[in-house]
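Structure data (mmCIF, N, CA and C atoms) from final20.cif:
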data_target
#
loop_
_atom_site.label_atom_id
_atom_site.label_comp_id
_atom_site.auth_asym_id
_atom_site.auth_seq_id
_atom_site.Cartn_x
_atom_site.Cartn_y
_atom_site.Cartn_z
N MET A 87 -22.48 12.27 2.76
CA MET A 87 -23.00 11.20 1.94
C MET A 87 -21.86 10.54 1.18
N THR A 88 -21.80 9.24 1.20
CA THR A 88 -20.77 8.50 0.51
C THR A 88 -21.31 7.98 -0.81
N THR A 89 -20.54 8.19 -1.87
CA THR A 89 -20.94 7.64 -3.16
C THR A 89 -20.04 6.46 -3.49
N ARG A 90 -20.62 5.44 -4.06
CA ARG A 90 -19.87 4.25 -4.41
C ARG A 90 -19.79 4.15 -5.92
N ARG A 91 -18.57 4.02 -6.42
CA ARG A 91 -18.41 3.85 -7.87
C ARG A 91 -18.87 2.46 -8.25
N SER A 92 -19.52 2.37 -9.39
CA SER A 92 -19.96 1.06 -9.84
C SER A 92 -18.76 0.25 -10.30
N ARG A 93 -18.92 -1.03 -10.28
CA ARG A 93 -17.85 -1.93 -10.71
C ARG A 93 -17.85 -1.96 -12.23
N VAL A 94 -16.73 -1.58 -12.81
CA VAL A 94 -16.65 -1.41 -14.25
C VAL A 94 -15.54 -2.26 -14.86
N GLY A 95 -15.90 -2.94 -15.94
CA GLY A 95 -14.91 -3.66 -16.73
C GLY A 95 -14.41 -2.76 -17.85
N LEU A 96 -13.12 -2.88 -18.18
CA LEU A 96 -12.55 -2.05 -19.23
C LEU A 96 -12.49 -2.79 -20.56
N TYR A 97 -11.98 -4.02 -20.54
CA TYR A 97 -11.91 -4.83 -21.75
C TYR A 97 -11.75 -6.29 -21.36
N ARG A 98 -11.92 -7.17 -22.34
CA ARG A 98 -11.72 -8.61 -22.09
C ARG A 98 -10.48 -9.08 -22.84
N THR A 99 -9.89 -10.11 -22.28
CA THR A 99 -8.67 -10.63 -22.86
C THR A 99 -8.50 -12.09 -22.45
N ASN A 100 -7.41 -12.68 -22.84
CA ASN A 100 -7.10 -14.05 -22.48
C ASN A 100 -5.66 -14.07 -21.97
N LEU A 101 -5.50 -14.27 -20.67
CA LEU A 101 -4.17 -14.28 -20.08
C LEU A 101 -3.73 -15.72 -19.82
N GLN A 102 -2.47 -15.95 -19.96
CA GLN A 102 -1.93 -17.30 -19.82
C GLN A 102 -2.24 -17.91 -18.45
N MET A 103 -2.13 -17.15 -17.39
CA MET A 103 -2.33 -17.68 -16.04
C MET A 103 -3.80 -17.73 -15.61
N ILE A 104 -4.65 -16.93 -16.23
CA ILE A 104 -6.05 -16.83 -15.80
C ILE A 104 -7.00 -17.43 -16.84
N GLY A 105 -6.68 -17.29 -18.10
CA GLY A 105 -7.59 -17.68 -19.16
C GLY A 105 -8.45 -16.49 -19.55
N GLU A 106 -9.69 -16.74 -19.96
CA GLU A 106 -10.59 -15.67 -20.38
C GLU A 106 -10.91 -14.80 -19.16
N CYS A 107 -10.65 -13.50 -19.29
CA CYS A 107 -10.84 -12.62 -18.14
C CYS A 107 -11.13 -11.20 -18.59
N ALA A 108 -11.46 -10.37 -17.61
CA ALA A 108 -11.74 -8.95 -17.85
C ALA A 108 -10.76 -8.10 -17.08
N ARG A 109 -10.28 -7.06 -17.72
CA ARG A 109 -9.47 -6.03 -17.04
C ARG A 109 -10.49 -5.10 -16.43
N VAL A 110 -10.41 -4.89 -15.11
CA VAL A 110 -11.40 -4.07 -14.43
C VAL A 110 -10.78 -2.78 -13.88
N ASP A 111 -11.64 -1.80 -13.65
CA ASP A 111 -11.24 -0.53 -13.10
C ASP A 111 -10.68 -0.72 -11.69
N GLU A 112 -9.78 0.14 -11.29
CA GLU A 112 -9.16 0.03 -9.97
C GLU A 112 -10.16 0.15 -8.83
N ALA A 113 -11.34 0.68 -9.09
CA ALA A 113 -12.38 0.78 -8.06
C ALA A 113 -12.87 -0.60 -7.63
N ALA A 114 -12.49 -1.64 -8.34
CA ALA A 114 -12.89 -3.00 -7.97
C ALA A 114 -12.17 -3.47 -6.72
N GLY A 115 -11.20 -2.70 -6.25
CA GLY A 115 -10.49 -3.05 -5.02
C GLY A 115 -9.62 -4.27 -5.19
N ASP A 116 -9.78 -5.23 -4.28
CA ASP A 116 -8.95 -6.44 -4.31
C ASP A 116 -9.15 -7.27 -5.57
N ALA A 117 -10.24 -7.07 -6.25
CA ALA A 117 -10.51 -7.82 -7.48
C ALA A 117 -9.64 -7.35 -8.64
N ALA A 118 -9.17 -6.12 -8.58
CA ALA A 118 -8.38 -5.55 -9.69
C ALA A 118 -7.02 -6.20 -9.76
N PRO A 119 -6.36 -6.29 -10.90
CA PRO A 119 -6.80 -5.71 -12.15
C PRO A 119 -7.52 -6.69 -13.08
N TYR A 120 -7.40 -8.00 -12.90
CA TYR A 120 -8.03 -8.95 -13.83
C TYR A 120 -8.93 -9.91 -13.07
N LEU A 121 -10.10 -10.17 -13.64
CA LEU A 121 -11.05 -11.11 -13.06
C LEU A 121 -11.40 -12.18 -14.08
N PRO A 122 -11.40 -13.45 -13.68
CA PRO A 122 -11.90 -14.49 -14.58
C PRO A 122 -13.36 -14.19 -14.93
N ARG A 123 -13.77 -14.63 -16.09
CA ARG A 123 -15.13 -14.34 -16.57
C ARG A 123 -16.20 -14.70 -15.54
N ALA A 124 -16.13 -15.88 -14.96
CA ALA A 124 -17.16 -16.33 -14.02
C ALA A 124 -17.28 -15.38 -12.82
N LEU A 125 -16.18 -14.92 -12.30
CA LEU A 125 -16.20 -14.01 -11.17
C LEU A 125 -16.70 -12.63 -11.57
N TYR A 126 -16.30 -12.17 -12.73
CA TYR A 126 -16.77 -10.89 -13.27
C TYR A 126 -18.30 -10.90 -13.35
N GLU A 127 -18.85 -11.99 -13.87
CA GLU A 127 -20.30 -12.09 -14.01
C GLU A 127 -20.98 -12.27 -12.66
N ALA A 128 -20.39 -13.05 -11.76
CA ALA A 128 -20.99 -13.28 -10.45
C ALA A 128 -21.05 -12.00 -9.61
N LEU A 129 -20.08 -11.11 -9.81
CA LEU A 129 -20.04 -9.85 -9.05
C LEU A 129 -20.80 -8.72 -9.74
N HIS A 130 -21.44 -9.02 -10.85
CA HIS A 130 -22.30 -8.08 -11.57
C HIS A 130 -21.58 -6.80 -12.01
N PHE A 131 -20.39 -6.98 -12.57
CA PHE A 131 -19.71 -5.83 -13.15
C PHE A 131 -20.47 -5.40 -14.40
N SER A 132 -20.23 -4.17 -14.82
CA SER A 132 -20.84 -3.70 -16.07
C SER A 132 -19.75 -3.13 -16.96
N PRO A 133 -19.92 -3.19 -18.24
CA PRO A 133 -21.02 -3.82 -18.96
C PRO A 133 -20.93 -5.34 -18.88
N ARG A 134 -21.93 -6.02 -19.42
CA ARG A 134 -21.87 -7.49 -19.45
C ARG A 134 -20.58 -7.91 -20.13
N PHE A 135 -20.05 -9.05 -19.73
CA PHE A 135 -18.77 -9.54 -20.24
C PHE A 135 -18.74 -9.56 -21.76
N ASP A 136 -19.80 -10.06 -22.36
CA ASP A 136 -19.84 -10.18 -23.83
C ASP A 136 -19.84 -8.83 -24.53
N ARG A 137 -20.16 -7.78 -23.82
CA ARG A 137 -20.18 -6.44 -24.42
C ARG A 137 -18.87 -5.68 -24.23
N LEU A 138 -17.95 -6.24 -23.46
CA LEU A 138 -16.65 -5.59 -23.29
C LEU A 138 -15.88 -5.63 -24.60
N PRO A 139 -15.14 -4.58 -24.92
CA PRO A 139 -14.29 -4.65 -26.11
C PRO A 139 -13.13 -5.60 -25.88
N MET A 140 -12.62 -6.15 -26.94
CA MET A 140 -11.41 -6.97 -26.83
C MET A 140 -10.23 -6.05 -26.53
N ALA A 141 -9.21 -6.58 -25.90
CA ALA A 141 -8.03 -5.79 -25.54
C ALA A 141 -7.44 -5.08 -26.75
N GLU A 142 -7.42 -5.77 -27.89
CA GLU A 142 -6.84 -5.20 -29.10
C GLU A 142 -7.61 -3.96 -29.57
N ASP A 143 -8.91 -3.93 -29.28
CA ASP A 143 -9.75 -2.80 -29.69
C ASP A 143 -9.74 -1.68 -28.65
N PHE A 144 -9.35 -2.00 -27.43
CA PHE A 144 -9.35 -1.02 -26.34
C PHE A 144 -8.21 -0.03 -26.46
N GLY A 145 -7.07 -0.48 -26.95
CA GLY A 145 -5.90 0.38 -27.03
C GLY A 145 -4.99 0.13 -25.84
N PRO A 146 -3.94 0.92 -25.70
CA PRO A 146 -3.00 0.71 -24.61
C PRO A 146 -3.68 0.87 -23.25
N ASP A 147 -3.34 -0.02 -22.33
CA ASP A 147 -3.88 0.04 -20.98
C ASP A 147 -3.18 1.16 -20.22
N PRO A 148 -3.90 2.18 -19.79
CA PRO A 148 -3.26 3.30 -19.11
C PRO A 148 -2.61 2.93 -17.79
N ALA A 149 -2.96 1.78 -17.22
CA ALA A 149 -2.39 1.36 -15.94
C ALA A 149 -1.06 0.65 -16.11
N LEU A 150 -0.69 0.29 -17.32
CA LEU A 150 0.56 -0.44 -17.56
C LEU A 150 1.59 0.46 -18.22
N PRO A 151 2.86 0.25 -17.87
CA PRO A 151 3.91 0.97 -18.61
C PRO A 151 3.84 0.59 -20.08
N ALA A 152 4.15 1.52 -20.95
CA ALA A 152 4.02 1.30 -22.40
C ALA A 152 4.79 0.07 -22.87
N ASP A 153 5.96 -0.20 -22.29
CA ASP A 153 6.76 -1.33 -22.75
C ASP A 153 6.21 -2.67 -22.27
N MET A 154 5.28 -2.66 -21.32
CA MET A 154 4.70 -3.93 -20.82
C MET A 154 3.38 -4.26 -21.49
N ALA A 155 2.70 -3.30 -22.03
CA ALA A 155 1.35 -3.50 -22.55
C ALA A 155 1.30 -4.62 -23.58
N GLU A 156 2.31 -4.76 -24.40
CA GLU A 156 2.30 -5.78 -25.43
C GLU A 156 2.64 -7.15 -24.89
N CYS A 157 3.21 -7.22 -23.68
CA CYS A 157 3.63 -8.50 -23.11
C CYS A 157 2.51 -9.21 -22.37
N VAL A 158 1.45 -8.52 -22.04
CA VAL A 158 0.43 -9.08 -21.17
C VAL A 158 -0.59 -9.91 -21.92
N VAL A 159 -1.02 -9.49 -23.05
CA VAL A 159 -2.09 -10.18 -23.78
C VAL A 159 -1.53 -11.39 -24.50
N VAL A 160 -2.19 -12.53 -24.29
CA VAL A 160 -1.82 -13.77 -24.97
C VAL A 160 -2.83 -14.00 -26.07
N THR A 161 -2.39 -14.04 -27.30
CA THR A 161 -3.32 -14.30 -28.39
C THR A 161 -3.36 -15.78 -28.68
N GLY A 162 -4.52 -16.24 -29.07
CA GLY A 162 -4.71 -17.66 -29.17
C GLY A 162 -4.51 -18.26 -30.47
#
For this file, produce the structure as structure tokens.
Amino acid sequence: MTTRRSRVGLYRTNLQMIGECARVDEAAGDAAPYLPRALYEALHFSPRFDRLPMAEDFGPDPALPADMAECVVVTG
């Protein structure tokens, strides 16, 4: 029996190249690591986009080297 992991968002942020987006779990496959809000919602990731924590509240992204984590988020 094959089990499929659900599509999970980790946090929301605003990236210079993408705009408002969600950092998603690596189980999202080709969609990882960042999805624009519209695509995140169209693919029915959970939790709902509005319920994702902001990047600042999430803490360091475990997928990024510590010295890069501060370079990725663009504050507005």
For this structure, which residues satisfy the selection - the PyMOL selection byres (((chain A and resi 122 and name CA) around 9) and name CA) - when it is evaluated on the file as given? I want them as a list in words.
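Here the PyMOL selection byres (((chain A and resi 122 and name CA) around 9) and name CA) matches Ile104, Gly105, Glu106, Cys107, Ala108, Tyr120, Leu121, Arg123, Ala124, Leu125, Tyr126 and Glu127 of chain A.
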Using only N, CA and C atoms, please write the residues we just selected to a file, as a PDB file, in the coordinates of the input.
ATOM      1  N   ILE A 104      -4.650 -16.930 -16.230  1.00  0.00           N
ATOM      2  CA  ILE A 104      -6.050 -16.830 -15.800  1.00  0.00           C
ATOM      3  C   ILE A 104      -7.000 -17.430 -16.840  1.00  0.00           C
ATOM      4  N   GLY A 105      -6.680 -17.290 -18.100  1.00  0.00           N
ATOM      5  CA  GLY A 105      -7.590 -17.680 -19.160  1.00  0.00           C
ATOM      6  C   GLY A 105      -8.450 -16.490 -19.550  1.00  0.00           C
ATOM      7  N   GLU A 106      -9.690 -16.740 -19.960  1.00  0.00           N
ATOM      8  CA  GLU A 106     -10.590 -15.670 -20.380  1.00  0.00           C
ATOM      9  C   GLU A 106     -10.910 -14.800 -19.160  1.00  0.00           C
ATOM     10  N   CYS A 107     -10.650 -13.500 -19.290  1.00  0.00           N
ATOM     11  CA  CYS A 107     -10.840 -12.620 -18.140  1.00  0.00           C
ATOM     12  C   CYS A 107     -11.130 -11.200 -18.590  1.00  0.00           C
ATOM     13  N   ALA A 108     -11.460 -10.370 -17.610  1.00  0.00           N
ATOM     14  CA  ALA A 108     -11.740  -8.950 -17.850  1.00  0.00           C
ATOM     15  C   ALA A 108     -10.760  -8.100 -17.080  1.00  0.00           C
ATOM     16  N   TYR A 120      -7.400  -8.000 -12.900  1.00  0.00           N
ATOM     17  CA  TYR A 120      -8.030  -8.950 -13.830  1.00  0.00           C
ATOM     18  C   TYR A 120      -8.930  -9.910 -13.070  1.00  0.00           C
ATOM     19  N   LEU A 121     -10.100 -10.170 -13.640  1.00  0.00           N
ATOM     20  CA  LEU A 121     -11.050 -11.110 -13.060  1.00  0.00           C
ATOM     21  C   LEU A 121     -11.400 -12.180 -14.080  1.00  0.00           C
ATOM     22  N   ARG A 123     -13.770 -14.630 -16.090  1.00  0.00           N
ATOM     23  CA  ARG A 123     -15.130 -14.340 -16.570  1.00  0.00           C
ATOM     24  C   ARG A 123     -16.200 -14.700 -15.540  1.00  0.00           C
ATOM     25  N   ALA A 124     -16.130 -15.880 -14.960  1.00  0.00           N
ATOM     26  CA  ALA A 124     -17.160 -16.330 -14.020  1.00  0.00           C
ATOM     27  C   ALA A 124     -17.280 -15.380 -12.820  1.00  0.00           C
ATOM     28  N   LEU A 125     -16.180 -14.920 -12.300  1.00  0.00           N
ATOM     29  CA  LEU A 125     -16.200 -14.010 -11.170  1.00  0.00           C
ATOM     30  C   LEU A 125     -16.700 -12.630 -11.570  1.00  0.00           C
ATOM     31  N   TYR A 126     -16.300 -12.170 -12.730  1.00  0.00           N
ATOM     32  CA  TYR A 126     -16.770 -10.890 -13.270  1.00  0.00           C
ATOM     33  C   TYR A 126     -18.300 -10.900 -13.350  1.00  0.00           C
ATOM     34  N   GLU A 127     -18.850 -11.990 -13.870  1.00  0.00           N
ATOM     35  CA  GLU A 127     -20.300 -12.090 -14.010  1.00  0.00           C
ATOM     36  C   GLU A 127     -20.980 -12.270 -12.660  1.00  0.00           C
TER      37      GLU A 127
END
Counting only C-alpha atoms, which of A:Tyr97, A:Glu112, A:Ala118, A:Leu129 gets nearest to Glu142 of chain A?
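Closest candidate: A:Tyr97.
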Atom C of Arg137 of chain A to atom CA of Pro119 of chain A, straight-line distance in Å:
17.1 Å
Gly95 of chain A environment, 7 Å, only C-alpha atoms, sequence neighbours closer than 6 positions dropped, as a list of chain:residue names:
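Selected residues are A:Ala108, A:Arg109, A:Val110, A:Asp111, A:Phe131, A:Ser132, A:Pro133.
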